[in-house]
Amino acid sequence: MSENPGMTRRQLLGIGGTLALTAATGLSTAAALSRRPAATGAELRSAIPLPPAFRTPLPLPPVLKPVSTSGGVDRYEVTQREVKMEILPGVRTPMWTYEGTFPGPTIEARRGRPITVTHRNELPVPTVVHLHGGRNTPTSDGYPADLVLPEGWPNPADGTSAMHQMADMSGTDGMSAMSGPSGMAGMRDPRAVVTRLTRDYTFATDQRSTMLWYHDHRMDFTAPAIWRGLAGLHFVRDDAEDALGLPAGAREVPLMIADRAFDADGKLKYPALDPSLRDRPGVREPYLAGVLGDVILVNGAPWPVHEVDAARYRLRILNASNARHYELEAVTDDGRRLDLVQIGADQGLLATPVTHRSLPIAPAERYDLIVDFTDVPVGGRVRIRNRLGSGRTRDVMAFRIARKAADDSRIPPVLARDMPSWHRSDAARVREFAFRAGRMHGRHGWLIGGRPFDPARTDVTVNLGDVEVWRLIADVHHPVHLHLVGFQVLSRGGRQPLAHDAGLKDTIALRPGESAEIITRFDGYRGRYLFHCHNAEHEDMGMMANLEIG
Ligand SMILES: [Cu+2]
């Protein structure tokens, strides 16, 4: 909210605010867009002294080693557990982690080589892992009701086998999930597959090379679980990409950007209605539109600094924030903006590079960028700044140019030749979905097509192999994510897509009052998938729908 001092909460929520006004008075889209707020959400303020920027070294997440590699399948094990981590210098912060780190360990997969990841839940609540952007079977897609129960969590249906249908959880601590205030937590989902302690996720790795990320996707509690640390990177690589000659090794740097806020005792702040995250989902007012933090973390460090050669670097950027949008730019000490040469989007390499001066990035979006530090003087600095931030959230991180060095990397004019060419005329049908605030079970909610998420209801059925055009309409910022498929942006606001819409995407950032069209072919697997808003608070408050591929 600090970013929009003139905006009231009602306006940010789009209830009785600018967008309702737009509808009532027929204001043009252009007028609505001209008063577009920079953010949707409210900012928490840390209650602990914050460190200066650009002092903490950038951590690089450890790469996970397989426990076995037999039969052409690499097998990994990840234990989800609570640890105390030093995120702010000298401060201990309890986090929920994959393997004791935040971000979780990076998985490096090769195209064509399937992997199995066995997750073990030693956290106090049920979890479920989704590989965002992965093309996987429904059983390994991390459906929000496919829970892995921790030890001691009441068995939802006593007397059934280890893999069983989800039943209501009434009788747990006097708070039944069936009667949770959102009314969603315990809705019967006859298709849910619940396990205890562990679950194997098998990833086909039959997809374009790109950077994916894995994170918790538990129904109603995704936002606080990611906030507490349940997120990690997952690369898919292939020979064609290796042959391009892009910056590699130490000159390829993953950057997971996420905002957080800290309490006086070092704990993460989060406005959960139930801080134990056991029973009652949701956040307090005024955070219903999204939770923003006042500390910008990159790879889990506050406003870090990274030493680099005066050479080209490949930056693999993920916005893992719950609700915060960034518009990134790279600025030298003398105020010069370096080109951001985009070579890839959410779902892999672009056909050809696209050069930007700044790049907007919404929650869950990824960019694959080349930044050239060659002409920056040794000893100089390049700051990554957020043009949408204010005060300290304007800074993200910095690179310090440490030395001159040889550079044999290149940016080929053609990056990929396997881009799909879907045309509007290929579409079997056109669908329209409105992403809007509304009422859900007597409370504030976020709705798709006027309805809150119900796992037992099939919202959309598409035929395997069909091309469809989807028109998505937003009231406030909604980064809309489709599971299973990548898509292309056909139009935005009735016009040509923007420069940063290039390539294959799995998340599109709708801006307030905006509509956009996407096109995709629903291929891969049959079964139940999802599409939802990736503002994680919106997702938890109903903005999700079932996508049945039949
Ligand atoms: Cu949303």
# chains A, B, ... in the order shown; residues from 1 in each chain; ligands from 1
>>> closest_atom_pairs(of="chain A", to="ligand 1", cutoff="6 Å", atoms="only C-alpha atoms and all ligand atoms", output="tab-separated table")
residue	atom	partner	partner_atom_place_in_ligand_line	distance
A:His478	CA	ligand 1	1 (Cu)	3.7
A:Cys533	CA	ligand 1	1 (Cu)	4.5
A:Asn535	CA	ligand 1	1 (Cu)	4.8
A:His538	CA	ligand 1	1 (Cu)	4.8
>>> residues_around(residues="Leu297 of chain A", least_positions_apart="2", cutoff="7 Å", atoms="only C-alpha atoms", output="count of residues only")
9
>>> residues_around(residues="Asp265 of chain A", least_positions_apart="5", cutoff="10 Å", atoms="only C-alpha atoms", output="number ranges by chain")
A: 47-48, 91-93
>>> residues_around(residues="Gly290 of chain A", least_positions_apart="5", cutoff="7 Å", atoms="only C-alpha atoms", output="short mmCIF file (atom, residue, chain, number, x, y, z; two decimals) with N, CA and C atoms, in the first residue's frame")
data_model
loop_
_atom_site.label_atom_id
_atom_site.label_comp_id
_atom_site.auth_asym_id
_atom_site.auth_seq_id
_atom_site.Cartn_x
_atom_site.Cartn_y
_atom_site.Cartn_z
N THR A 40 -0.93 -4.69 -6.39
CA THR A 40 -2.16 -5.17 -5.78
C THR A 40 -1.75 -5.88 -4.51
N GLY A 41 -2.11 -5.31 -3.37
CA GLY A 41 -1.70 -5.89 -2.10
C GLY A 41 -1.34 -4.81 -1.11
N ALA A 42 -1.03 -5.23 0.10
CA ALA A 42 -0.65 -4.30 1.16
C ALA A 42 0.68 -4.76 1.75
N ALA A 323 2.89 -11.75 -4.06
CA ALA A 323 2.02 -10.77 -4.71
C ALA A 323 2.78 -9.62 -5.36
N ASN A 535 -1.06 -14.75 -7.85
CA ASN A 535 -1.00 -14.00 -6.60
C ASN A 535 -1.43 -15.04 -5.57
N GLU A 537 -2.08 -15.21 -2.48
CA GLU A 537 -3.23 -14.95 -1.59
C GLU A 537 -4.54 -15.08 -2.37
N HIS A 538 -4.57 -14.61 -3.60
CA HIS A 538 -5.79 -14.77 -4.41
C HIS A 538 -6.08 -16.25 -4.62
#
>>> atom_distance(atom1="atom CA of Val194 of chain A", atom2="atom CA of Glu365 of chain A")
29.2 Å
>>> residues_around(residues="Leu369 of chain A", least_positions_apart="6", cutoff="12 Å", atoms="only C-alpha atoms", output="count of residues only")
39
>>> closest_residue(among="A:Pro360, A:Gly72, A:Pro89, A:Gly229", to="Asn322 of chain A", atoms="only C-alpha atoms")
A:Gly229
>>> closest_residue(among="A:Ala38, A:Val308, A:Ala240, A:Leu88", to="Ala405 of chain A", atoms="only C-alpha atoms")
A:Val308
>>> residues_around(residues="Leu288 of chain A", least_positions_apart="2", cutoff="10 Å", atoms="only C-alpha atoms", output="ChimeraX atom specification")
/A:9,12-13,40-42,271,282-286,290-291,444-446,537-538,541
